[in-house]
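Shown next, in structure tokens, is the structure this report addresses.
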Amino acid sequence: MNSITVRNLGFSYPGNVEVFGNLNMSIGSGEKAGISGANGSGKSTLFLLLMGLLKPESGTIMLRDTLLKTEHDFRTARVKTGFLFQDPDDQLFCPTVEEDIAFGLLNRGMERTEAGKKVDALCDRLRISHLKKRVPFHLSWGQKRLVSLAGVLVLDPELLLLDEPTAGVDDQVTGILLDFLDSFSGTMLVSSHDMEFLDRVCHSRYSLSNNRLAPLPFSHSRA
Ligand SMILES: Nc1ncnc2c1ncn2[C@@H]1O[C@H](COP(=O)(O)OP(=O)(O)OP(=O)(O)O)[C@@H](O)[C@H]1O
Ligand SMILES: [Mg+2]
């Protein structure tokens, strides 16, 4: 079974900026796949299309073998999909870190005490408990990255889409990310310019260029 299947995808931004003419991809269920590609090759655009936040001009997108066409289809698929935006400022909007992380749980009807317990456990695991009362807007880039990741992971997604999770973060934060993603048992698609990170965390790697996703061999020996 595939978790992500894209067929003949075409998309252009207004002003005739064509990003994809005929993109195809298949990511198997349980696969952890990495995408690398030059700046502007279309990685973020691909994630936004998979989430239904941009509309394709042509082609089809299936998540977990369900064809997604309408806004309702994408909204249903998003319940089981965790998406980390490339820019954490696109993700964080609540007055405090703990409210931001709890937002999705409360929005899904979880009782406040139960949501608080889940948030506390995750903050502990990601080593951001000391940030819970802080204003997200005032955090450093790496701190924002971990808080936005917490808001995604707290919902226990089956499919994780991570757009450059290690960009601008230090070795310690990268280590925390690696530990977490190693133990994640669902399907994951992650973009990065950090080949070592992709080698470490992924089963398969692809390179996006000239509108095509090509399989990419691993660059380092894997433990
Ligand atoms: N809102 C937009 N309007 C017009 N063109 C856009 C818009 N967003 C992105 N583009 C263009 O679409 C192409 C793909 O951009 P995208 O951000 O998907 O690339 P990327 O691979 O994620 O790059 P990076 O590695 O810098 O994050 C680029 O040519 C970019 O200039
Ligand atoms: Mg990008």
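How things are named: the first chain in the structure tokens is A, the next is B, and so on; residues count from 1 in each chain; ligands count from 1 in the order shown.
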
Going by DSSP on the backbone, which bits of segment 52-202 of chain A are strand (DSSP E or B)? Write them as a ChimeraX atom specification, please. /A:58-63,66-68,81-84,159-163,187-191

Would you save the residues of that selection, restricted to C-alpha atoms, as a short mmCIF file (atom, residue, chain, number, x, y, z; two decimals), in the first residue's frame?
data_model
loop_
_atom_site.label_atom_id
_atom_site.label_comp_id
_atom_site.auth_asym_id
_atom_site.auth_seq_id
_atom_site.Cartn_x
_atom_site.Cartn_y
_atom_site.Cartn_z
CA SER A 58 -3.71 18.85 -13.40
CA GLY A 59 -3.02 15.36 -12.12
CA THR A 60 -4.04 13.47 -8.99
CA ILE A 61 -2.97 13.21 -5.35
CA MET A 62 -3.75 10.18 -3.20
CA LEU A 63 -2.93 9.93 0.50
CA THR A 66 -7.68 7.84 -0.99
CA LEU A 67 -8.03 10.13 -3.98
CA LEU A 68 -8.15 13.75 -2.80
CA THR A 81 -1.28 14.21 8.58
CA GLY A 82 1.22 16.34 10.44
CA PHE A 83 2.76 19.14 8.38
CA LEU A 84 5.74 21.19 9.51
CA LEU A 159 1.85 10.68 8.02
CA LEU A 160 4.50 13.34 8.69
CA LEU A 161 5.45 15.97 6.10
CA LEU A 162 8.45 17.97 7.29
CA ASP A 163 9.76 20.86 5.22
CA THR A 187 5.16 7.33 7.03
CA MET A 188 7.37 10.38 6.65
CA LEU A 189 8.37 12.69 3.83
CA VAL A 190 11.08 15.14 4.82
CA SER A 191 12.89 17.76 2.75
#

Could you report the residues within 8 Å of ligand 2, using only C-alpha atoms and all ligand atoms, as an MDAnalysis selection string? chainID A and resid 39:40 42:45 86 163:164

Could you give me, as a PDB file with N, CA and C atoms, in the first residue's frame, every polymer residue with an atom at most 10 Å away from an atom of ligand 1, counting only C-alpha atoms and all ligand atoms?
ATOM      1  N   PHE A  11       1.470  22.191 -11.792  1.00  0.00           N
ATOM      2  CA  PHE A  11       1.135  23.369 -10.985  1.00  0.00           C
ATOM      3  C   PHE A  11       2.009  24.551 -11.391  1.00  0.00           C
ATOM      4  N   SER A  12       1.373  25.704 -11.534  1.00  0.00           N
ATOM      5  CA  SER A  12       2.100  26.968 -11.766  1.00  0.00           C
ATOM      6  C   SER A  12       1.586  28.011 -10.798  1.00  0.00           C
ATOM      7  N   TYR A  13       2.477  28.885 -10.330  1.00  0.00           N
ATOM      8  CA  TYR A  13       2.039  30.046  -9.555  1.00  0.00           C
ATOM      9  C   TYR A  13       1.526  31.109 -10.525  1.00  0.00           C
ATOM     10  N   PRO A  14       0.716  32.045 -10.027  1.00  0.00           N
ATOM     11  CA  PRO A  14       0.252  33.129 -10.897  1.00  0.00           C
ATOM     12  C   PRO A  14       1.442  33.829 -11.543  1.00  0.00           C
ATOM     13  N   GLY A  15       1.272  34.230 -12.782  1.00  0.00           N
ATOM     14  CA  GLY A  15       2.371  34.862 -13.516  1.00  0.00           C
ATOM     15  C   GLY A  15       3.145  33.838 -14.312  1.00  0.00           C
ATOM     16  N   ASN A  16       2.518  32.666 -14.516  1.00  0.00           N
ATOM     17  CA  ASN A  16       3.133  31.612 -15.334  1.00  0.00           C
ATOM     18  C   ASN A  16       4.439  31.075 -14.799  1.00  0.00           C
ATOM     19  N   VAL A  17       4.591  31.042 -13.457  1.00  0.00           N
ATOM     20  CA  VAL A  17       5.785  30.422 -12.868  1.00  0.00           C
ATOM     21  C   VAL A  17       5.488  28.926 -12.735  1.00  0.00           C
ATOM     22  N   GLU A  18       5.859  28.158 -13.778  1.00  0.00           N
ATOM     23  CA  GLU A  18       5.566  26.718 -13.723  1.00  0.00           C
ATOM     24  C   GLU A  18       6.536  26.027 -12.775  1.00  0.00           C
ATOM     25  N   VAL A  19       5.999  25.294 -11.802  1.00  0.00           N
ATOM     26  CA  VAL A  19       6.849  24.536 -10.868  1.00  0.00           C
ATOM     27  C   VAL A  19       6.830  23.057 -11.244  1.00  0.00           C
ATOM     28  N   PHE A  20       5.622  22.533 -11.526  1.00  0.00           N
ATOM     29  CA  PHE A  20       5.514  21.137 -11.938  1.00  0.00           C
ATOM     30  C   PHE A  20       4.688  21.053 -13.217  1.00  0.00           C
ATOM     31  N   ILE A  35      13.661  14.206   0.610  1.00  0.00           N
ATOM     32  CA  ILE A  35      13.750  14.929  -0.666  1.00  0.00           C
ATOM     33  C   ILE A  35      14.789  16.022  -0.528  1.00  0.00           C
ATOM     34  N   SER A  36      15.741  16.024  -1.447  1.00  0.00           N
ATOM     35  CA  SER A  36      16.651  17.161  -1.527  1.00  0.00           C
ATOM     36  C   SER A  36      16.458  17.808  -2.893  1.00  0.00           C
ATOM     37  N   GLY A  37      16.972  19.003  -3.045  1.00  0.00           N
ATOM     38  CA  GLY A  37      16.809  19.709  -4.317  1.00  0.00           C
ATOM     39  C   GLY A  37      17.223  21.148  -4.130  1.00  0.00           C
ATOM     40  N   ALA A  38      17.656  21.763  -5.194  1.00  0.00           N
ATOM     41  CA  ALA A  38      18.166  23.135  -5.122  1.00  0.00           C
ATOM     42  C   ALA A  38      17.089  24.095  -4.621  1.00  0.00           C
ATOM     43  N   ASN A  39      17.510  25.239  -4.139  1.00  0.00           N
ATOM     44  CA  ASN A  39      16.559  26.305  -3.793  1.00  0.00           C
ATOM     45  C   ASN A  39      15.687  26.573  -5.011  1.00  0.00           C
ATOM     46  N   GLY A  40      14.386  26.623  -4.779  1.00  0.00           N
ATOM     47  CA  GLY A  40      13.469  26.933  -5.879  1.00  0.00           C
ATOM     48  C   GLY A  40      13.079  25.734  -6.709  1.00  0.00           C
ATOM     49  N   SER A  41      13.528  24.519  -6.338  1.00  0.00           N
ATOM     50  CA  SER A  41      13.186  23.344  -7.151  1.00  0.00           C
ATOM     51  C   SER A  41      11.739  22.896  -6.934  1.00  0.00           C
ATOM     52  N   GLY A  42      11.112  23.347  -5.844  1.00  0.00           N
ATOM     53  CA  GLY A  42       9.684  23.059  -5.685  1.00  0.00           C
ATOM     54  C   GLY A  42       9.342  22.191  -4.476  1.00  0.00           C
ATOM     55  N   LYS A  43      10.274  22.010  -3.546  1.00  0.00           N
ATOM     56  CA  LYS A  43      10.017  21.130  -2.388  1.00  0.00           C
ATOM     57  C   LYS A  43       8.830  21.642  -1.551  1.00  0.00           C
ATOM     58  N   SER A  44       8.894  22.935  -1.195  1.00  0.00           N
ATOM     59  CA  SER A  44       7.813  23.482  -0.363  1.00  0.00           C
ATOM     60  C   SER A  44       6.497  23.478  -1.126  1.00  0.00           C
ATOM     61  N   THR A  45       6.561  23.774  -2.418  1.00  0.00           N
ATOM     62  CA  THR A  45       5.337  23.766  -3.235  1.00  0.00           C
ATOM     63  C   THR A  45       4.707  22.379  -3.236  1.00  0.00           C
ATOM     64  N   LEU A  46       5.555  21.345  -3.330  1.00  0.00           N
ATOM     65  CA  LEU A  46       5.045  19.970  -3.311  1.00  0.00           C
ATOM     66  C   LEU A  46       4.315  19.691  -1.992  1.00  0.00           C
ATOM     67  N   PHE A  47       4.913  20.091  -0.864  1.00  0.00           N
ATOM     68  CA  PHE A  47       4.250  19.871   0.432  1.00  0.00           C
ATOM     69  C   PHE A  47       2.900  20.602   0.485  1.00  0.00           C
ATOM     70  N   LEU A  48       2.887  21.845   0.011  1.00  0.00           N
ATOM     71  CA  LEU A  48       1.647  22.629   0.071  1.00  0.00           C
ATOM     72  C   LEU A  48       0.560  21.985  -0.811  1.00  0.00           C
ATOM     73  N   LEU A  49       0.980  21.394  -1.932  1.00  0.00           N
ATOM     74  CA  LEU A  49       0.012  20.688  -2.791  1.00  0.00           C
ATOM     75  C   LEU A  49      -0.498  19.427  -2.105  1.00  0.00           C
ATOM     76  N   LEU A  54      -2.417  24.393  -1.721  1.00  0.00           N
ATOM     77  CA  LEU A  54      -2.394  24.907  -3.096  1.00  0.00           C
ATOM     78  C   LEU A  54      -3.157  23.909  -3.951  1.00  0.00           C
ATOM     79  N   GLN A  86       8.026  25.130   6.410  1.00  0.00           N
ATOM     80  CA  GLN A  86       9.453  25.490   6.367  1.00  0.00           C
ATOM     81  C   GLN A  86       9.742  26.628   7.354  1.00  0.00           C
ATOM     82  N   ASP A  87       8.831  27.601   7.421  1.00  0.00           N
ATOM     83  CA  ASP A  87       9.038  28.753   8.298  1.00  0.00           C
ATOM     84  C   ASP A  87       8.153  28.589   9.539  1.00  0.00           C
ATOM     85  N   ASP A 163       9.063  20.047   6.213  1.00  0.00           N
ATOM     86  CA  ASP A 163       9.763  20.864   5.220  1.00  0.00           C
ATOM     87  C   ASP A 163      10.981  21.529   5.870  1.00  0.00           C
ATOM     88  N   GLU A 164      12.138  20.966   5.611  1.00  0.00           N
ATOM     89  CA  GLU A 164      13.426  21.459   6.121  1.00  0.00           C
ATOM     90  C   GLU A 164      13.448  21.629   7.647  1.00  0.00           C
ATOM     91  N   ALA A 167      16.756  23.179   9.139  1.00  0.00           N
ATOM     92  CA  ALA A 167      17.316  24.450   8.651  1.00  0.00           C
ATOM     93  C   ALA A 167      17.442  25.441   9.804  1.00  0.00           C
ATOM     94  N   SER A 191      11.969  17.094   3.658  1.00  0.00           N
ATOM     95  CA  SER A 191      12.889  17.764   2.747  1.00  0.00           C
ATOM     96  C   SER A 191      14.045  18.334   3.548  1.00  0.00           C
ATOM     97  N   SER A 192      15.216  18.341   2.945  1.00  0.00           N
ATOM     98  CA  SER A 192      16.377  18.912   3.625  1.00  0.00           C
ATOM     99  C   SER A 192      17.519  19.096   2.638  1.00  0.00           C
ATOM    100  N   HIS A 193      18.382  20.077   2.957  1.00  0.00           N
ATOM    101  CA  HIS A 193      19.640  20.210   2.218  1.00  0.00           C
ATOM    102  C   HIS A 193      20.758  19.482   2.962  1.00  0.00           C
ATOM    103  N   LEU A 208      14.844  16.302  -6.265  1.00  0.00           N
ATOM    104  CA  LEU A 208      13.860  17.025  -7.078  1.00  0.00           C
ATOM    105  C   LEU A 208      14.600  18.019  -7.952  1.00  0.00           C
ATOM    106  N   SER A 209      14.517  17.811  -9.251  1.00  0.00           N
ATOM    107  CA  SER A 209      15.097  18.798 -10.156  1.00  0.00           C
ATOM    108  C   SER A 209      14.437  18.674 -11.519  1.00  0.00           C
TER     109      SER A 209
END

All residues 10 Å or closer to His72 of chain A, only C-alpha atoms, same chain fewer than 5 positions away omitted, as a PDB file with C-alpha atoms, in the first residue's frame:
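Result file follows (result-v2.pdb):
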ATOM      1  CA  GLY A  52      -4.300  20.834  -0.248  1.00  0.00           C
ATOM      2  CA  ALA A  77      -6.810  13.715   5.176  1.00  0.00           C
ATOM      3  CA  ARG A  78      -5.214  16.531   7.216  1.00  0.00           C
TER       4      ARG A  78
END

Contacts of Leu149 of chain A at 10 Å (only C-alpha atoms; same-chain gap of 2+ positions) as an MDAnalysis selection string: chainID A and resid 82:85 88 91 101 126 143:147 151:154 162 165 177

As number ranges by chain, which residues of segment 111-221 of chain A does DSSP assign to helix (DSSP H, G or I)? A: 112-125, 129-131, 136-138, 141-153, 171-183, 195-201

Hey, can you spit out that residue selection with C-alpha atoms as a PDB file, in the first residue's frame?
ATOM      1  CA  ARG A 112      -8.159  20.586  28.750  1.00  0.00           C
ATOM      2  CA  THR A 113      -6.553  18.495  31.556  1.00  0.00           C
ATOM      3  CA  GLU A 114      -5.901  15.561  29.253  1.00  0.00           C
ATOM      4  CA  ALA A 115      -4.499  17.870  26.565  1.00  0.00           C
ATOM      5  CA  GLY A 116      -2.250  19.508  29.181  1.00  0.00           C
ATOM      6  CA  LYS A 117      -0.830  16.123  30.204  1.00  0.00           C
ATOM      7  CA  LYS A 118      -0.038  15.255  26.580  1.00  0.00           C
ATOM      8  CA  VAL A 119       1.609  18.625  26.014  1.00  0.00           C
ATOM      9  CA  ASP A 120       3.694  18.260  29.190  1.00  0.00           C
ATOM     10  CA  ALA A 121       4.927  14.785  28.231  1.00  0.00           C
ATOM     11  CA  LEU A 122       5.914  15.892  24.740  1.00  0.00           C
ATOM     12  CA  CYS A 123       7.617  19.079  25.960  1.00  0.00           C
ATOM     13  CA  ASP A 124       9.612  16.926  28.338  1.00  0.00           C
ATOM     14  CA  ARG A 125      10.640  14.592  25.531  1.00  0.00           C
ATOM     15  CA  SER A 129       9.398  22.338  29.128  1.00  0.00           C
ATOM     16  CA  HIS A 130      11.129  25.562  30.209  1.00  0.00           C
ATOM     17  CA  LEU A 131       9.527  27.373  27.247  1.00  0.00           C
ATOM     18  CA  PRO A 136       6.159  31.878  20.667  1.00  0.00           C
ATOM     19  CA  PHE A 137       6.848  35.047  18.676  1.00  0.00           C
ATOM     20  CA  HIS A 138       9.804  35.888  20.982  1.00  0.00           C
ATOM     21  CA  TRP A 141      14.573  30.121  15.520  1.00  0.00           C
ATOM     22  CA  GLY A 142      15.605  26.690  16.866  1.00  0.00           C
ATOM     23  CA  GLN A 143      13.191  27.022  19.796  1.00  0.00           C
ATOM     24  CA  LYS A 144      10.368  27.959  17.400  1.00  0.00           C
ATOM     25  CA  ARG A 145      11.254  24.930  15.284  1.00  0.00           C
ATOM     26  CA  LEU A 146      10.885  22.553  18.237  1.00  0.00           C
ATOM     27  CA  VAL A 147       7.662  24.191  19.440  1.00  0.00           C
ATOM     28  CA  SER A 148       6.105  24.015  15.969  1.00  0.00           C
ATOM     29  CA  LEU A 149       7.203  20.377  15.694  1.00  0.00           C
ATOM     30  CA  ALA A 150       5.608  19.673  19.079  1.00  0.00           C
ATOM     31  CA  GLY A 151       2.302  21.127  17.816  1.00  0.00           C
ATOM     32  CA  VAL A 152       2.455  18.676  14.913  1.00  0.00           C
ATOM     33  CA  LEU A 153       3.572  15.587  16.837  1.00  0.00           C
ATOM     34  CA  ASP A 171      23.474  20.187  16.616  1.00  0.00           C
ATOM     35  CA  GLN A 172      21.600  19.678  19.863  1.00  0.00           C
ATOM     36  CA  VAL A 173      18.210  20.413  18.283  1.00  0.00           C
ATOM     37  CA  THR A 174      19.139  18.264  15.280  1.00  0.00           C
ATOM     38  CA  GLY A 175      19.966  15.444  17.738  1.00  0.00           C
ATOM     39  CA  ILE A 176      16.575  15.803  19.444  1.00  0.00           C
ATOM     40  CA  LEU A 177      14.886  15.716  16.028  1.00  0.00           C
ATOM     41  CA  LEU A 178      16.872  12.645  14.987  1.00  0.00           C
ATOM     42  CA  ASP A 179      15.943  10.741  18.148  1.00  0.00           C
ATOM     43  CA  PHE A 180      12.287  11.555  17.677  1.00  0.00           C
ATOM     44  CA  LEU A 181      12.105  10.774  13.974  1.00  0.00           C
ATOM     45  CA  ASP A 182      14.038   7.525  14.455  1.00  0.00           C
ATOM     46  CA  SER A 183      11.330   6.295  16.784  1.00  0.00           C
ATOM     47  CA  MET A 195      22.387  14.964   3.346  1.00  0.00           C
ATOM     48  CA  GLU A 196      23.801  13.526   6.549  1.00  0.00           C
ATOM     49  CA  PHE A 197      20.471  14.121   8.293  1.00  0.00           C
ATOM     50  CA  LEU A 198      18.543  12.498   5.436  1.00  0.00           C
ATOM     51  CA  ASP A 199      20.943   9.530   5.377  1.00  0.00           C
ATOM     52  CA  ARG A 200      20.446   9.034   9.084  1.00  0.00           C
ATOM     53  CA  VAL A 201      16.677   9.324   9.257  1.00  0.00           C
TER      54      VAL A 201
END

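One finds atom CA of Phe74 of chain A at 29.3 Å from atom CA of Leu216 of chain A.
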
Spatial neighbours of Pro95 of chain A, max dist 10 Å, only C-alpha atoms, sep filter under 4 positions, as a list in words: Glu99, Asp100, Lys133, Arg134, Val135, Pro136 and Phe137 of chain A
